[in-house]
Structures are given as structure tokens and as C-alpha cells.
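Let me begin by presenting the structure, written as C-alpha cells, before commenting on it.
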Number of protein chains: 2
Amino acid sequence: MPAYKELSREELLALHNELELQFMEIKGKGLKLDMSRGKPSKAQLDLSMGMMDVLQSDSDLVCEEGVDCRNYGVLDGIKEAKQLLADMMEVPKDNIVIFGNSSLNVMYDTIARSFTHGVMGSTPWCGLDKVKFLCPVPGYDRHFAITEYFGIEMIPVPMTLTGPDMDVVEKLVSSDPAIKGIWCVPKYSNPQGITYSDETVHRFAMLEPAAEDFRIYWDNAYGIHHLYEDKQDYLIEILMECKKEGHPNMVYKFASTSKISFPGSGIAAIAASDENLVDIRKQMKIQTIGHDKVNQLRHARFFGDIHGMVQHMKKHADIIRPKFEIVLSKLRNELGDLEIGSWLEPRGGYFISFDSLDGCAKKIVARAKEAGVVMTDAGATYPYGKDPHDSNIRIAPTFPTEEELAMATDIFILSVKLVSIEKFLAEMGEEREEE
Amino acid sequence: MPAYKELSREELLALHNELELQFMEIKGKGLKLDMSRGKPSKAQLDLSMGMMDVLQSDSDLVCEEGVDCRNYGVLDGIKEAKQLLADMMEVPKDNIVIFGNSSLNVMYDTIARSFTHGVMGSTPWCGLDKVKFLCPVPGYDRHFAITEYFGIEMIPVPMTLTGPDMDVVEKLVSSDPAIKGIWCVPKYSNPQGITYSDETVHRFAMLEPAAEDFRIYWDNAYGIHHLYEDKQDYLIEILMECKKEGHPNMVYKFASTSKISFPGSGIAAIAASDENLVDIRKQMKIQTIGHDKVNQLRHARFFGDIHGMVQHMKKHADIIRPKFEIVLSKLRNELGDLEIGSWLEPRGGYFISFDSLDGCAKKIVARAKEAGVVMTDAGATYPYGKDPHDSNIRIAPTFPTEEELAMATDIFILSVKLVSIEKFLAEMGEEREEE
């Protein structure tokens with residue numbers, strides 16, 4: 001098949017008719033598939049069911065440091081959970097604080113605390129005229145929702161294949177004291193699956209922010225979420241890198257076990273410098289008596305150690321990998337030569353990022369929805385939901401079964417083709433009118 | 001034994017010597033007891049160990065509404081957990097939102113949200129010159145810590161035997177728009193164990209606040225935490241009462257299962273009007289994808305329903321009641337006639353509140369600590385830790401074993417006697433000097 005742009009009006013019309021018939025047929029099946037979020041599948045959840053048996057009514061729930069996990073006490077996490085998550089996050093155990101079930105909640109609370117109480121003694125952001133955040137795009141909609149909620153101005157920064165465009169980041173961060181942070185998903189990024197290169201991480205560590213309370217919000221959500229055993233991305237550890245470059249306090253690192261054990265019932269953590277953690281604990285001790293230690297103990301005993309967790313992640317990969325391959329091979333086979341979309345082939349994470357022709361993303365998502373496939377809203381990967389090119393679409397292949405996913409991908413591809421043809425036809429129409 | 005104030009200097013000195021010997025002897029035992037917090041004992045925690053077996057690796061973790069509790073989804077709590085906590089909090093199921101493990105955290109977040117985003121459209125408190133809270137005293141130190149952390153001016157309101165002095169509350173709330181809230185522990189209050197009378201609750205519901213965003217922070221922490229089956233306090237339900245009086249939005253009600261199942265591993269909730277909950281959910285959906293539904297399911301299935309929970313609480317009462325009686329009978333026997341302290345005999349909750357002679361509380365707590373008994377810091381029951389009379393001491397009898405508690409109470413009573421005698425002697429000294 002030649003690229004669509006080479007086709008004549010007649011060829012496009014004929015093709016459109018043919019594809020529309022296929023679309024109607026598949027639509028008739030009354031499919032109902034939610035691919036809008038990066039949700040693990042039932043098979044993945046089943047992997048962690050052994051966790052339910054780890055603590056029994058006759059178990060000893062005393063943790064290593066001698067504390068009864070069933071009672072109050074231990075503000076920032078039990079030792080064995082800290083060790084496990086520290087290894088997962090590749091930082092020293094003492095540079096970690098364990099929270100509740102959600103790293104998003106930790107990020108929200110971090111912004112909220114900065115807003116009401118500042119950062120290590122800086123002016124609370126609520127007392128400033130203007131607070132800005134850099135947002136590599138496409139990015140994670142829930143990050144953008146937090147900064148938007150606090151009225152923080154979001155400045156998009158283009159992603160490259162090696163991470164955010166660091167020329168832009170450096171220039172903005174060093175010149176504008178209103179810029180207080182940047183949202184990063186540095187490994188298998190959401191939605192593109194890009195891992196920041198060594199150089200990118202190093203340039204992050206060397207940033208010279210105009211604002212003393214500038215922090216890198218390093219959401220390492222997919223740190224051990226590989227798809228392949230033999231093809232893995234490696235990411236330089238940012239805390240150590242910042243420390244080496246004389247900026248130990250410049251980064252907050254976030255992670256959770258949401259996509260390792262159970263979403264919503266995992267444990268989350270922040271990793272940061274000693275001074276940052278002193279600041280964080282000051283607030284934490286006002287906010288809570290402590291998080292769920294029984295669940296921390298459950299996790300620590302189930303996984304045993306980081307090796308156990310890594311082995312566990314291979315089982316996730318075995319379930320997810322074929323799904324990514326279904327989508328990617330279909331995209332390759334069906335759209336490979338048509339020049340109506342582009343995508344990356346990630347080695348991990350939860351998403352495939354698809355870029356349509358300009359001005360087509362919203363229509364494609366609407367089309368797919370017509371046939372019963374709910375995708376993430378087009379635009380969601382940009383601050384304020386505004387994709388300037390209306391081209392980026394996030395594909396989340398993990399939740400459906402392989403069979404459902406194959407159908408959903410067919411629907412998606414048909415939608416891409418139809419909307420793209422309609423774009424070409426419309427342009428031809430305009431050209432005619434202009435003649 | 002006559003009241004100490006009747007004793008001569010010589011009698012006091014002789015008594016002091018005798019008590020000092022007793023104190024030295026008991027101190028020599030090297031006791032180490034922490035009575036500083038309202039912590040359940042090991043025996044109480046054991047009551048809920050069955051909860052560990054409720055969900056097993058072969059359990060179906062799908063909740064009533066058909067959602068797999070192991071995955072993302074359901075922002076504000078699964079139906080069965082809502083029903084359980086709604087019954088516990090005596091409100092309709094639809095007026096409840098389930099949170100994480102800590103009602104303190106919910107209260108903190110409520111204040112934080114009001115600070116950054118206002119209350120149902122009101123000016124965010126961070127944009128106001130002055131925000132004030134009423135604090136019935138003695139009260140709960142962790143409440144006061146939250147308002148202090150946000151720079152909110154705390155105005156003490158004296159407690160009476162029927163709740164806060166409502167004349168004072170009404171006058172202040174109706175006249176000062178800077179007053180945005182009042183901290184209440186309406187049943188078996190912390191630390192006095194007082195339950196607000198029907199009239200008090202009714203007067204709360206009839207408040208006409210000067211501030212549109214004034215809210216009653218109704219922390220019903222001990223709603224079903226009775227000591228006796230035959231002697232229970234009853235509390236009018238405040239949400240309904242406020243609704244009846246035309247002020248449906250004036251109250252937030254908080255509770256958790258911390259002292260029902262496991263402190264730190266329970267579930268917490270807020271109950272409020274529809275309009276308040278709309279406001280709360282707006283923020284909640286930015287802050288988190290959802291709280292721990294597996295733990296919600298675990299609680300719902302373990303307790304079954306509110307009747308199961310009430311039966312469960314009787315087992316707690318059977319463990320706690322003898323402890324309260326140990327302390328109360330010792331106080332009665334040893335201090336009953338001495339006129340050096342007063343206390344109430346609560347019918348539920350976690351504390352006994354003791355009032356020493358003015359200026360003695362800090363010294364008594366320090367004395368007890370000398371002999372190995374750590375109590376809540378004197379002053380903690382007042383905003384800013386400042387008890388104007390230095391007289392209130394919170395006794396937390398639940399955590400120690402009965403044997404330990406008996407010893408600890410002996411130490412406490414000896415400390416009260418010694419410090420009181422020292423006060424009388426010092427006063428006699430002063431009088432002499434004045435002569």
C-alpha cells in the first residue's frame with residue numbers, strides 16, 4: 001500500500017467506503033472495552049494473590065525493629081519496607097520515607113506542602129504572584145491535573161528520544177525564579193516509553209535553578225517494569241547524580257508498588273536528601289500518626305527482597321509483552337507505509353504513544369469510542385488537555401485480554417485510517433474551493 | 001486522711017519523707033511504661049487477628065458493585081465499606097466518603113484544602129489575613145497541632161460537663177467571620193470522656209456563623225467505644241440535626257476504625273452533606289486515584305455489618321473496662337479526700353482526665369517520668385501546649401497490662417501527692433518570708 005498522501009481523490013473515496021464497511025461490521029459486534037488507563041489485567045493481579053496468605057491470624061506481626069505493626073507508631077515506614085523500596089528505587093534506605101497506597105497522593109501532598117509551607121524554609125508558594133512548572137510533553141495527565149489544581153502555570157517542554165529537550169529546560173530553569181519544578185517520568189515514560197539518556201540525567205543534575213526551591217519531580221513509576229529480559233533500558237540514579245553535582249536537595253523521587261502488587265493497595269514512597277526528608281517529616285508528623293504498617297509488612301514478607309520483586313516483575317512482563325507485541329505488530333503491518341501516524345516501540349512501562357496526522361487525534365478517539373473502544377482522551381497528555389497539534393494518542397494495552405486487545409487495535413487502526421482519509425479529502429475539497 | 005490543705009508544715013514534711021521513700025523504692029524497680037498515647041493493648045489487637053484470614057489467595061476480591069478491589073477504580077469507597085462506616089457514624093451511606101487509614105489525615109487534608117482552595121467556593125484561607133479556630137479545652141493535642149501548623153489562631157473555649165461552653169461558642173462564632181471552625185470530640189471526649197448533651201448538640205446545629213465557610217469539625221473518634229453495656233452515653237446525630245436546623249453544610253464528621261480493628265491499618269471516613277462532598281471529591285480526584293479497597297473489603301467482610309462491629313466492641317470493652325476501674329478506684333481510694341486533684345469517671349473512650357492543683361501538672365508528669373512512667377506532656381491538652389493553670393493531665397490506661405497499670409497508677413498518685421505537698425510547703429515558705 002502506498003502512502004495515503006500519494007492517493008488520488010477517487011482512490012481515497014473508494015478506500016474510505018471499503019474501510020467504513022469494515023468499521024460498521026466491527027462496530028456491530030457491540031464491543032465494550034476500556035483502554036483509557038494504564039491498568040494491570042486480571043492475570044497480572046492474580047500474580048500477587050499469594051500476598052493474601054502472607055499474614056495469617058497466627059502470624060507474628062512484629063517487624064524487624066521490634067514494633068508491633070498492628071499498633072500506632074513508626075511515622076515513616078518500617079525498616080524492611082524501607083529496605084525493599086530503597087532497593088527498588090536504587091537509593092540508600094535512610095533516604096526513603098514510606099507513605100500510603102498512592103505515589104500520586106505523595107506528589108499531591110508535596111505540591112500542597114510547598115504551596116502552604118514552602119520548601120525547606122522558602123516562601124510558601126501561596127504567597128507568590130506566580131508559580132510555574134515545566135511539563136515535558138506528551139506527559140502524564142494526572143501530574144498536570146495537580147499543578148493545574150493549584151493554579152500553577154504549566155510550560156510545555158518538548159520530549160525528544162533522549163528525554164525532555166534539555167536546552168529548553170536549562171534555559172528556563174536558570175532564568176526564571178517562578179519555575180519551581182518539572183514533572184518527569186524518566187524511565188519508560190508515560191506515554192512514550194522513553195528512558196532519559198545518561199546525558200539527560202546528568203544535565204538535570206547540573207541544573208542551576210534561579211529558584212532555591214526548584215525541585216525535579218522524578219516520578220520513577222516504571223523503574224523495574226521491563227517488557228524484555230534481554231532488552232532493558234538503564235537509567236542513571238538521579239539522587240546520587242545530584243549529590244555528586246553539588247545539588248543534593250534538587251530532586252524528589254517518587255515510586256510505588258501499584259503496578260507490582262495491587263493498584264490502590266500497594267505502598268508508595270518518596271526518596272530525597274536528608275535535608276528534604278527533615279522538611280517532609282515535619283509536615284508528615286502533623287498530617288498523620290503513621291501509614292499502614294501491616295500492609296508494609298505484607299509487602300516486605302511477600303517479596304522478601306528486591307531480587308524477589310525483580311523475579312515477580314518477570315511474570316508481569318510475560319503477561320504484558322505479548323500485548324505490546326500485538327499492538328505494535330498490527331501498527332507496523334497496517335500503518336507502516338501509510339505515513340498517517342508514527343509511534344515508538346518501548347521496552348517497558350504501560351503505554352504506546354501514537355502520533356496521528358495533525359488535527360486528527362480527537363476524531364480518532366471519538367471514532368474508536370463509537371465502536372466501543374474507550375481510549376484516553378486526546379489532549380490528555382498535554383497541560384490543560386490542549387495538544388497544539390491534536391495528534392497524540394495514548395494506547396494502554398495492558399488491561400484487555402489478548403483477544404480483546406487485537407479487536408481494539410483493529411478498531412483503532414480503522415479509526416486512524418478513516419479519519420486520515422477524511423482529512424486528506426477535506427484538504428482536497430478546500431484546495432478545490434480555493435481554485 | 002484529712003485534706004492536705006488542713007495539714008501543718010510538720011505533718012506535711014513527715015508525710016513527704018514517707019512518700020519519698022515509697023517513691024524511691026518503686027523507682028528502684030526500673031519500670032519502663034509508656035502511657036503517653038491512647039494506644040490499644042496487645043490483647044485488644046489480638047481481637048482483630050481474624051481479619052488476617054478474611055481474604056485468602058483463593059478469595060474472590062470483587063466487591064458488591066462488581067469491581068475488582070485489587071485494581072484501580074472507585075474513588076470514594078466501595079459500597080459495603082460505606083454501608084459499614086455509615087452505620088457506625090449514624091449517617092446515610094450516600095453522605096460518606098471513605099479515605100485511607102487515618103481520620104487525622106482526613107482532618108489535616110480538610111484544613112489544607114480549605115487553606116488552598118477555600119470551602120465550597122469561599123476565599124482560600126491562605127488569602128485571608130486571619131483565620132481562627134475555637135478549641136474546647138482540655139482537648140486533643142493532634143487537632144491543635146494541625147491548626148497551629150497552618151498558622152490558625154486558636155481560641156480556647158472551656159469545656160463543661162455537657163460539652164463546650166455554648167454561650168461562649170455562640171457569641172464568638174456569630175460575631176467573628178475569621179472563625180472558620182471548632183474542634184470537637186463530641187462523645188467520650190479526649191481527654192475528659194464527656195459526651196455532649198442533647199442541648200449542646202442542638203445549640204451547635206443552631207449556630208449562625210458570621211463566616212459562610214465556618215464548619216464544625218466533629219471528630220467522633222469514640223462513637224461506639226463504650227466501657228459498659230448498661231451505662232452508655234448517647235449522642236444526637238449532628239448531620240441530621242444541622243439539616244433540620246437549615247444548616248446542612250455546617251459540619252464535617254470524622255471517624256475511623258483505628259481503635260476498632262488496627263491503629264494505622266484501619267479505614268477512615270468523612271461524613272458530610274451532599275454539597276460538601278461534591279466539594280471534597282473535586283479535590284480528592286486530583287489527590288489520588290483511590291484508597292486501599294482491599295483493606296476496605298477486608299473490614300467489610302470481617303465485621304459483616306454494624307451489629308458485628310458492635311459485638312466486637314464489647315470484647316474491647318471487656319479488656320479496657322477493668323483498666324479504667326483500676327485507675328479510678330486507686331484515684332478514689334488514694335486521693336478521694338485529699339483535695340489535691342479531681343477527675344471524671346468516663347463511660348467510654350480512651351482517657352481519664354486529671355486536674356491537679358494549679359501549677360502542679362508539669363511537675364507531676366516529670367516526677368512520674370523519673371520513675372519510668374511516661375505520660376502525655378502536661379499542657380498538651382491545650383492549644384500551643386499552654387495550660388494556663390498547669391493542672392490538666394491526660395491518663396491513658398489502655399496500653400499497659402493490668403499489672404503494669406496498677407504500678408503506673410501508684411507512681412502517678414505518689415507523684416501527685418509529693419508535688420502537691422511541695423506546693424503547700426513552698427506556699428508556707430512564701431508566707432513566712434512575707435511575715
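By order of appearance in the C-alpha cells: chains A, B, ..., then residues from 1 within every chain, and ligands from 1 in the order shown.
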For chain A, report every residue with an atom at most 8 Å from chain B (counting only C-alpha atoms), formatted as a PDB file with C-alpha atoms, in the first residue's frame.
```
ATOM      1  CA  LYS A  39      -4.435  -0.747  34.413  1.00  0.00           C
ATOM      2  CA  PRO A  40      -2.983  -4.179  35.080  1.00  0.00           C
ATOM      3  CA  LEU A  45      -3.374  -9.142  39.689  1.00  0.00           C
ATOM      4  CA  MET A  49      -2.613 -13.226  45.348  1.00  0.00           C
ATOM      5  CA  GLY A  50      -0.057 -15.064  47.448  1.00  0.00           C
ATOM      6  CA  MET A  51       0.217 -11.784  49.308  1.00  0.00           C
ATOM      7  CA  MET A  52      -3.153 -12.531  50.890  1.00  0.00           C
ATOM      8  CA  ASP A  53      -1.698 -15.560  52.664  1.00  0.00           C
ATOM      9  CA  LEU A  55      -0.103 -12.647  57.122  1.00  0.00           C
ATOM     10  CA  GLN A  56      -2.466 -15.040  58.882  1.00  0.00           C
ATOM     11  CA  SER A  57      -4.284 -14.893  62.184  1.00  0.00           C
ATOM     12  CA  ASP A  58      -1.444 -16.825  63.810  1.00  0.00           C
ATOM     13  CA  ARG A  70      -0.790  -3.606  64.293  1.00  0.00           C
ATOM     14  CA  ASN A  71      -0.458  -0.621  66.610  1.00  0.00           C
ATOM     15  CA  TYR A  72       0.355   3.084  66.332  1.00  0.00           C
ATOM     16  CA  GLY A 100       0.250   5.178  51.995  1.00  0.00           C
ATOM     17  CA  ASN A 101      -1.052   3.440  48.923  1.00  0.00           C
ATOM     18  CA  SER A 102      -0.513   6.037  46.239  1.00  0.00           C
ATOM     19  CA  LEU A 104       0.196  10.315  43.209  1.00  0.00           C
ATOM     20  CA  ASN A 105      -1.047  11.214  46.669  1.00  0.00           C
ATOM     21  CA  TYR A 108      -0.064  15.975  45.524  1.00  0.00           C
ATOM     22  CA  ASP A 109       0.911  16.354  49.165  1.00  0.00           C
ATOM     23  CA  ALA A 112       0.335  21.115  48.634  1.00  0.00           C
ATOM     24  CA  PHE A 115       2.084  25.723  48.474  1.00  0.00           C
ATOM     25  CA  THR A 116       1.212  26.196  52.142  1.00  0.00           C
ATOM     26  CA  CYS A 126       0.568  30.589  48.005  1.00  0.00           C
ATOM     27  CA  GLY A 127       2.323  33.836  48.887  1.00  0.00           C
ATOM     28  CA  ARG A 142      -2.595  13.292  36.488  1.00  0.00           C
ATOM     29  CA  ALA A 145      -4.047  17.926  36.931  1.00  0.00           C
ATOM     30  CA  ILE A 146      -2.239  18.540  40.225  1.00  0.00           C
ATOM     31  CA  TYR A 149      -5.464  22.468  40.512  1.00  0.00           C
ATOM     32  CA  PHE A 150      -3.003  24.674  42.383  1.00  0.00           C
ATOM     33  CA  PHE A 262      -2.022  -4.174  43.645  1.00  0.00           C
ATOM     34  CA  PRO A 263      -3.059  -0.742  42.323  1.00  0.00           C
ATOM     35  CA  GLY A 264      -4.618   1.084  45.237  1.00  0.00           C
ATOM     36  CA  SER A 265      -3.401  -1.457  47.765  1.00  0.00           C
ATOM     37  CA  GLY A 266       0.331  -1.153  47.330  1.00  0.00           C
ATOM     38  CA  ILE A 286       1.245  16.778  61.762  1.00  0.00           C
ATOM     39  CA  GLN A 287      -0.697  15.056  58.993  1.00  0.00           C
ATOM     40  CA  THR A 288      -0.719  11.506  60.308  1.00  0.00           C
ATOM     41  CA  ILE A 289       0.296   9.215  63.115  1.00  0.00           C
ATOM     42  CA  GLY A 290       1.606   6.805  60.523  1.00  0.00           C
ATOM     43  CA  HIS A 291       0.712   4.856  57.405  1.00  0.00           C
ATOM     44  CA  ASP A 292      -0.437   1.250  57.091  1.00  0.00           C
ATOM     45  CA  LYS A 293       2.412  -0.798  58.569  1.00  0.00           C
ATOM     46  CA  VAL A 294       0.554  -4.095  58.270  1.00  0.00           C
ATOM     47  CA  ASN A 295       0.489  -3.621  54.520  1.00  0.00           C
TER      48      ASN A 295
END
```
Please provide as a ChimeraX atom specification all residues within 8 Å of stretch 324-334 of chain B, with the sequence filter that same-chain residues fewer than 5 positions apart are discarded (counting only C-alpha atoms). /B:345,352,397-398,402,405-406,409-410,413
Just list as a PyMOL selection string whatever in stretch 34-71 of chain B DSSP marks as strand (DSSP E or B). chain B and resi 34-35+62+68
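Take atom CA of A:Met250 and atom CA of A:Lys79: the distance between them is 25.3 Å.
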Considering only helix (DSSP H, G or I) as DSSP defines it on the backbone, what residues of stretch 78-294 of chain B qualify? List them as an MDAnalysis selection string. chainID B and resid 79:89 93:95 103:117 125:127 141:149 166:175 198:205 238:244 274:287 293:294
Produce a file of the selected residues containing C-alpha atoms, as a PDB file, in the first residue's frame.
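Once everything was written out, this is selection-v6.pdb:
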```
ATOM      1  CA  LYS B  79     -20.333   0.128  48.797  1.00  0.00           C
ATOM      2  CA  GLU B  80     -20.038  -2.380  51.612  1.00  0.00           C
ATOM      3  CA  ALA B  81     -17.386  -0.323  53.408  1.00  0.00           C
ATOM      4  CA  LYS B  82     -19.518   2.779  53.011  1.00  0.00           C
ATOM      5  CA  GLN B  83     -22.505   0.966  54.483  1.00  0.00           C
ATOM      6  CA  LEU B  84     -20.488  -0.269  57.447  1.00  0.00           C
ATOM      7  CA  LEU B  85     -18.955   3.086  58.247  1.00  0.00           C
ATOM      8  CA  ALA B  86     -22.201   4.936  57.532  1.00  0.00           C
ATOM      9  CA  ASP B  87     -23.925   2.791  60.148  1.00  0.00           C
ATOM     10  CA  MET B  88     -21.027   3.292  62.510  1.00  0.00           C
ATOM     11  CA  MET B  89     -21.274   7.054  62.010  1.00  0.00           C
ATOM     12  CA  LYS B  93     -24.487   5.729  53.064  1.00  0.00           C
ATOM     13  CA  ASP B  94     -24.518   8.430  50.420  1.00  0.00           C
ATOM     14  CA  ASN B  95     -23.211  11.005  52.847  1.00  0.00           C
ATOM     15  CA  SER B 103      -9.005  10.142  60.209  1.00  0.00           C
ATOM     16  CA  LEU B 104      -6.348  12.581  61.410  1.00  0.00           C
ATOM     17  CA  ASN B 105      -5.042  12.611  57.857  1.00  0.00           C
ATOM     18  CA  VAL B 106      -8.559  13.351  56.598  1.00  0.00           C
ATOM     19  CA  MET B 107      -8.819  16.255  59.031  1.00  0.00           C
ATOM     20  CA  TYR B 108      -5.416  17.580  58.017  1.00  0.00           C
ATOM     21  CA  ASP B 109      -6.374  17.344  54.361  1.00  0.00           C
ATOM     22  CA  THR B 110      -9.659  19.103  55.076  1.00  0.00           C
ATOM     23  CA  ILE B 111      -7.865  22.047  56.653  1.00  0.00           C
ATOM     24  CA  ALA B 112      -5.212  22.003  53.926  1.00  0.00           C
ATOM     25  CA  ARG B 113      -7.877  22.062  51.218  1.00  0.00           C
ATOM     26  CA  SER B 114      -9.696  24.950  52.880  1.00  0.00           C
ATOM     27  CA  PHE B 115      -6.368  26.746  53.142  1.00  0.00           C
ATOM     28  CA  THR B 116      -5.501  26.345  49.456  1.00  0.00           C
ATOM     29  CA  HIS B 117      -8.922  26.253  47.810  1.00  0.00           C
ATOM     30  CA  TRP B 125      -7.804  30.740  53.820  1.00  0.00           C
ATOM     31  CA  CYS B 126      -4.253  31.374  52.630  1.00  0.00           C
ATOM     32  CA  GLY B 127      -5.597  34.572  51.103  1.00  0.00           C
ATOM     33  CA  ASP B 141      -3.228  17.755  71.005  1.00  0.00           C
ATOM     34  CA  ARG B 142      -3.118  16.473  67.424  1.00  0.00           C
ATOM     35  CA  HIS B 143      -6.088  18.645  66.477  1.00  0.00           C
ATOM     36  CA  PHE B 144      -4.325  21.675  67.872  1.00  0.00           C
ATOM     37  CA  ALA B 145      -1.104  20.706  66.070  1.00  0.00           C
ATOM     38  CA  ILE B 146      -2.864  20.863  62.701  1.00  0.00           C
ATOM     39  CA  THR B 147      -4.361  24.313  63.237  1.00  0.00           C
ATOM     40  CA  GLU B 148      -1.089  25.579  64.698  1.00  0.00           C
ATOM     41  CA  TYR B 149       0.814  24.232  61.686  1.00  0.00           C
ATOM     42  CA  MET B 166     -22.049  27.114  74.253  1.00  0.00           C
ATOM     43  CA  ASP B 167     -22.602  30.677  75.415  1.00  0.00           C
ATOM     44  CA  VAL B 168     -19.012  31.383  74.501  1.00  0.00           C
ATOM     45  CA  VAL B 169     -19.183  29.386  71.269  1.00  0.00           C
ATOM     46  CA  GLU B 170     -22.359  31.109  70.086  1.00  0.00           C
ATOM     47  CA  LYS B 171     -21.066  34.562  70.866  1.00  0.00           C
ATOM     48  CA  LEU B 172     -17.751  34.092  69.111  1.00  0.00           C
ATOM     49  CA  VAL B 173     -18.987  32.154  66.082  1.00  0.00           C
ATOM     50  CA  SER B 174     -21.785  34.598  65.333  1.00  0.00           C
ATOM     51  CA  SER B 175     -19.653  37.702  65.676  1.00  0.00           C
ATOM     52  CA  ASP B 198     -28.638  16.920  73.613  1.00  0.00           C
ATOM     53  CA  GLU B 199     -28.917  20.609  74.256  1.00  0.00           C
ATOM     54  CA  THR B 200     -25.299  21.208  73.348  1.00  0.00           C
ATOM     55  CA  VAL B 201     -25.631  19.361  70.043  1.00  0.00           C
ATOM     56  CA  HIS B 202     -28.826  21.211  69.306  1.00  0.00           C
ATOM     57  CA  ARG B 203     -27.178  24.545  70.009  1.00  0.00           C
ATOM     58  CA  PHE B 204     -24.341  23.544  67.678  1.00  0.00           C
ATOM     59  CA  ALA B 205     -26.874  22.855  64.937  1.00  0.00           C
ATOM     60  CA  ILE B 238     -25.150  16.135  64.223  1.00  0.00           C
ATOM     61  CA  LEU B 239     -25.574  15.911  60.421  1.00  0.00           C
ATOM     62  CA  MET B 240     -29.305  15.364  60.720  1.00  0.00           C
ATOM     63  CA  GLU B 241     -29.574  17.967  63.431  1.00  0.00           C
ATOM     64  CA  CYS B 242     -27.812  20.573  61.291  1.00  0.00           C
ATOM     65  CA  LYS B 243     -30.004  19.670  58.339  1.00  0.00           C
ATOM     66  CA  LYS B 244     -33.131  20.085  60.437  1.00  0.00           C
ATOM     67  CA  ASP B 274     -24.085  16.334  49.554  1.00  0.00           C
ATOM     68  CA  GLU B 275     -22.751  19.773  48.716  1.00  0.00           C
ATOM     69  CA  ASN B 276     -19.758  19.405  50.999  1.00  0.00           C
ATOM     70  CA  LEU B 277     -18.993  16.018  49.490  1.00  0.00           C
ATOM     71  CA  VAL B 278     -19.108  17.413  45.954  1.00  0.00           C
ATOM     72  CA  ASP B 279     -16.531  19.965  47.075  1.00  0.00           C
ATOM     73  CA  ILE B 280     -14.396  17.290  48.739  1.00  0.00           C
ATOM     74  CA  ARG B 281     -14.493  14.903  45.789  1.00  0.00           C
ATOM     75  CA  LYS B 282     -13.331  17.671  43.457  1.00  0.00           C
ATOM     76  CA  GLN B 283     -10.060  17.769  45.319  1.00  0.00           C
ATOM     77  CA  MET B 284      -9.921  14.077  46.105  1.00  0.00           C
ATOM     78  CA  LYS B 285      -9.888  13.081  42.460  1.00  0.00           C
ATOM     79  CA  ILE B 286      -6.818  15.263  41.923  1.00  0.00           C
ATOM     80  CA  GLN B 287      -5.068  13.912  45.010  1.00  0.00           C
ATOM     81  CA  LYS B 293     -10.091  -1.025  48.554  1.00  0.00           C
ATOM     82  CA  VAL B 294      -8.667  -4.399  49.539  1.00  0.00           C
TER      83      VAL B 294
END
```
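Comparing A:Cys63, A:Ile319, A:Leu15, A:Ala380 by their smallest distance to A:Pro400, the closest is A:Ile319 (using only C-alpha atoms).
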Within 9 Å of B:Tyr382 using only C-alpha atoms, minus same-chain residues under 3 positions, as a PyMOL selection string: chain B and resi 135-141+144+156+378-379+385-388+392
May I have the residues from that selection written out with N, CA and C atoms, as a PDB file, in the first residue's frame?
```pdb
ATOM      1  N   CYS B 135     -11.192  26.087  70.144  1.00  0.00           N
ATOM      2  CA  CYS B 135     -10.630  24.846  70.664  1.00  0.00           C
ATOM      3  C   CYS B 135     -11.144  24.583  72.069  1.00  0.00           C
ATOM      4  N   PRO B 136     -12.178  23.750  72.199  1.00  0.00           N
ATOM      5  CA  PRO B 136     -12.617  23.378  73.546  1.00  0.00           C
ATOM      6  C   PRO B 136     -11.437  22.776  74.312  1.00  0.00           C
ATOM      7  N   VAL B 137     -11.257  23.215  75.545  1.00  0.00           N
ATOM      8  CA  VAL B 137     -10.132  22.732  76.351  1.00  0.00           C
ATOM      9  C   VAL B 137     -10.624  22.182  77.681  1.00  0.00           C
ATOM     10  N   PRO B 138      -9.942  21.113  78.159  1.00  0.00           N
ATOM     11  CA  PRO B 138      -8.847  20.395  77.504  1.00  0.00           C
ATOM     12  C   PRO B 138      -9.332  19.652  76.266  1.00  0.00           C
ATOM     13  N   GLY B 139      -8.420  19.458  75.300  1.00  0.00           N
ATOM     14  CA  GLY B 139      -8.774  18.797  74.049  1.00  0.00           C
ATOM     15  C   GLY B 139      -7.637  17.935  73.535  1.00  0.00           C
ATOM     16  N   TYR B 140      -7.707  17.651  72.243  1.00  0.00           N
ATOM     17  CA  TYR B 140      -6.812  16.666  71.632  1.00  0.00           C
ATOM     18  C   TYR B 140      -5.609  17.379  71.003  1.00  0.00           C
ATOM     19  N   ASP B 141      -4.428  17.036  71.455  1.00  0.00           N
ATOM     20  CA  ASP B 141      -3.228  17.755  71.005  1.00  0.00           C
ATOM     21  C   ASP B 141      -3.016  17.691  69.491  1.00  0.00           C
ATOM     22  N   PHE B 144      -4.938  20.357  67.698  1.00  0.00           N
ATOM     23  CA  PHE B 144      -4.325  21.675  67.872  1.00  0.00           C
ATOM     24  C   PHE B 144      -3.056  21.797  67.027  1.00  0.00           C
ATOM     25  N   PRO B 156      -9.123  29.155  72.985  1.00  0.00           N
ATOM     26  CA  PRO B 156      -9.641  28.118  73.889  1.00  0.00           C
ATOM     27  C   PRO B 156     -11.061  28.445  74.335  1.00  0.00           C
ATOM     28  N   ALA B 378       2.320  17.377  80.070  1.00  0.00           N
ATOM     29  CA  ALA B 378       1.363  18.321  80.652  1.00  0.00           C
ATOM     30  C   ALA B 378       1.295  19.537  79.745  1.00  0.00           C
ATOM     31  N   GLY B 379       0.112  20.046  79.537  1.00  0.00           N
ATOM     32  CA  GLY B 379      -0.059  21.183  78.633  1.00  0.00           C
ATOM     33  C   GLY B 379      -0.531  20.746  77.262  1.00  0.00           C
ATOM     34  N   GLY B 385       0.235  24.030  73.590  1.00  0.00           N
ATOM     35  CA  GLY B 385       0.802  23.318  74.739  1.00  0.00           C
ATOM     36  C   GLY B 385       0.786  24.122  76.025  1.00  0.00           C
ATOM     37  N   LYS B 386      -0.082  25.153  76.055  1.00  0.00           N
ATOM     38  CA  LYS B 386      -0.070  26.063  77.209  1.00  0.00           C
ATOM     39  C   LYS B 386      -1.328  25.939  78.053  1.00  0.00           C
ATOM     40  N   ASP B 387      -1.232  25.170  79.096  1.00  0.00           N
ATOM     41  CA  ASP B 387      -2.336  25.053  80.044  1.00  0.00           C
ATOM     42  C   ASP B 387      -2.199  26.204  81.041  1.00  0.00           C
ATOM     43  N   PRO B 388      -3.116  27.176  81.030  1.00  0.00           N
ATOM     44  CA  PRO B 388      -2.932  28.380  81.856  1.00  0.00           C
ATOM     45  C   PRO B 388      -2.842  28.067  83.354  1.00  0.00           C
ATOM     46  N   ASN B 392      -3.895  20.229  84.000  1.00  0.00           N
ATOM     47  CA  ASN B 392      -4.544  19.080  83.358  1.00  0.00           C
ATOM     48  C   ASN B 392      -3.534  18.014  82.920  1.00  0.00           C
TER      49      ASN B 392
END
```
